[in-house]
Amino acid sequence: MKNTLITMPDQLRKAIFLILLLCCVILPLDATPNMPLYVSAPIALLMGLIVALVMGHPYLKMNKKATTILLQTSVVLLGFQTNLEHAMKAGSKGLIFTIATIALTLGVGYLLGKWLKIDKKISYLISNGTAICGGSAIAAVAPVVNADDHEISVALGTVFILNSIALLIFPEIGHALSLSAEQFGTWCAIAIHDTSSVVGAASSSYYKGTDALQIATTIKLERALWIIPITLLTAYFQKNTGKKIKLPYFILYFIIAILVSTYLPAYLPALNTKFDIHAPFAKADNTLFGYLYLVGKKGLVVTLFLIGSGLSLGTIRQVGFKPILQGILLWILIGSSSLLVIKGCLN
């Protein structure tokens, strides 16, 4: 296969890929006394990246659809362990950060694009991906600005590369700066592009057993809703109001999951009963909603493995220096400025 370090028969590639995929499914998220082997979100991403660089993804044509469906389903399942009161509190605190950082990122992104002399459509797609929610925002805005496949690929490649880096370094930075769960969850939601990497970073062992994951997921999905007004405004200014807009409907299902897990147990107390499913990745008894949440986290691990395995050397070469530079500069801007505000306001 082109753009890989090793060439091997397709059947062998498929066998290795499926074995690694199975490891992501059945191994626990962290080490236990009885099971030292585990696959966390960062490890899954690294495994995927190694697959992409060494032998290539054997099912690449199906990867985009699979990751989209799996990510959205996993996020919805995470809602079953999110309390409505906590979600509303996190969402209200994150609203001001969301509005300010979206406006700042889009404005600076426009200026950087002109300064670096990047194609206008690519620059706009990268800015939207950084400002809102990565690949989802790019996919929504791309048809409105009539972006072609190359422009979309460059923008998506830029965002996915930075996403991969963020998932690995954000937990270390948060731990080094002694960020609280609320601070770290909010920062992840604001400064990391894609929902998958946000949830992956917030699931770090440094913040295990805290509200970091719930806070990050809630604020990120609230941020994703801004796809709608931004896309509508883009269509208006582009005089392109006839284009169909992709709406993030899965966020509605996430809200329904929160409502169900918050209120239904009061009417069906049996839902609070703990039981053991004897799965290798389930370490202790849990409730039905607890298991659904765990399946969501496992789904996210598999998603990150698939995302990593789809990021080939060809994608990295295709992006080029200037779009990556714009993405990095925007990322540093939103990451550092939001961190300073969060450290000062969320004590």
# chains A, B, ... in the order shown; residues from 1 in each chain; ligands from 1
call {"tool": "select_by_dssp", "arguments": {"residues": "segment 68-234 of chain A", "states": "helix (DSSP H, G or I)", "output": "number ranges by chain"}}
result
A: 68-81, 84-116, 120-131, 135-141, 149-176, 181-191, 195-202, 205-207, 212-224, 227-234
call {"tool": "residues_around", "arguments": {"residues": "segment 310-318 of chain A", "least_positions_apart": "4", "cutoff": "7 Å", "atoms": "only C-alpha atoms", "output": "PyMOL selection string"}}
result
chain A and resi 3+49+52-53+57+60+63+154+157+306
call {"tool": "atom_distance", "arguments": {"atom1": "atom CA of Asp119 of chain A", "atom2": "atom CA of Phe321 of chain A"}}
result
12.8 Å
call {"tool": "residues_around", "arguments": {"residues": "segment 75-86 of chain A", "least_positions_apart": "6", "cutoff": "7 Å", "atoms": "only C-alpha atoms", "output": "number ranges by chain"}}
result
A: 214, 250, 253-255, 257-259, 261-262, 289-290, 292-293, 296
call {"tool": "write_last_selection", "arguments": {"atoms": "N, CA and C atoms", "output": "compact mmCIF listing (two decimals), in the first residue's frame"}}
result
# COMPACT_ATOMS: atom_id res chain seq x y z
N GLN A 214 -18.08 14.68 32.16
CA GLN A 214 -19.44 15.18 31.99
C GLN A 214 -19.44 16.66 31.62
N PHE A 250 -27.85 14.33 16.66
CA PHE A 250 -27.51 13.41 17.75
C PHE A 250 -27.46 14.12 19.10
N TYR A 253 -30.57 13.53 20.98
CA TYR A 253 -30.62 12.22 21.64
C TYR A 253 -29.78 12.22 22.92
N PHE A 254 -28.68 12.97 22.93
CA PHE A 254 -27.86 13.11 24.13
C PHE A 254 -28.67 13.76 25.24
N ILE A 255 -29.44 14.80 24.92
CA ILE A 255 -30.28 15.49 25.90
C ILE A 255 -31.37 14.54 26.41
N ALA A 257 -31.15 11.30 26.61
CA ALA A 257 -30.48 10.34 27.50
C ALA A 257 -30.29 10.94 28.90
N ILE A 258 -29.92 12.22 28.96
CA ILE A 258 -29.76 12.90 30.26
C ILE A 258 -31.08 12.94 31.01
N LEU A 259 -32.16 13.29 30.31
CA LEU A 259 -33.48 13.37 30.94
C LEU A 259 -33.94 12.00 31.44
N SER A 261 -32.05 9.34 32.27
CA SER A 261 -31.25 8.86 33.41
C SER A 261 -31.48 9.68 34.67
N THR A 262 -31.92 10.93 34.51
CA THR A 262 -32.16 11.80 35.67
C THR A 262 -33.51 11.52 36.31
N PHE A 289 -27.84 2.02 33.48
CA PHE A 289 -27.33 3.27 32.92
C PHE A 289 -25.81 3.34 33.02
N GLY A 290 -25.26 2.77 34.10
CA GLY A 290 -23.81 2.74 34.26
C GLY A 290 -23.15 1.93 33.16
N LEU A 292 -24.48 1.36 30.14
CA LEU A 292 -24.65 2.10 28.88
C LEU A 292 -23.56 3.17 28.75
N TYR A 293 -23.27 3.82 29.86
CA TYR A 293 -22.21 4.83 29.89
C TYR A 293 -20.85 4.19 29.58
N GLY A 296 -20.54 3.48 26.02
CA GLY A 296 -20.23 4.73 25.32
C GLY A 296 -18.74 5.05 25.36
call {"tool": "residues_around", "arguments": {"residues": "Ile332 of chain A", "least_positions_apart": "6", "cutoff": "10 Å", "atoms": "only C-alpha atoms", "output": "list in words"}}
result
Ala191, Gln326 and Ser338 of chain A
call {"tool": "closest_residue", "arguments": {"among": "A:Gly320, A:Gly109, A:Gly299, A:Gly344", "to": "Ile26 of chain A", "atoms": "only C-alpha atoms"}}
result
A:Gly299
call {"tool": "residues_around", "arguments": {"residues": "Lys208 of chain A", "least_positions_apart": "4", "cutoff": "12 Å", "atoms": "only C-alpha atoms", "output": "list in words"}}
result
Leu29, Asp30, Ser40, Pro171, His175, Ser180, Ala181, Gly185, Gly200, Ala201, Ala202, Ser203, Ser204, Ala212, Leu213 and Gln214 of chain A
call {"tool": "closest_residue", "arguments": {"among": "A:Thr158, A:Thr287, A:Ser196, A:Thr186", "to": "Val341 of chain A", "atoms": "only C-alpha atoms"}}
result
A:Thr186
call {"tool": "atom_distance", "arguments": {"atom1": "atom CA of Gly48 of chain A", "atom2": "atom CA of Leu70 of chain A"}}
result
15.5 Å
call {"tool": "closest_residue", "arguments": {"among": "A:Asn272, A:Thr7, A:Thr234, A:Thr217", "to": "Leu106 of chain A", "atoms": "only C-alpha atoms"}}
result
A:Thr234
call {"tool": "atom_distance", "arguments": {"atom1": "atom CA of Leu288 of chain A", "atom2": "atom CA of Val260 of chain A"}}
result
11.9 Å
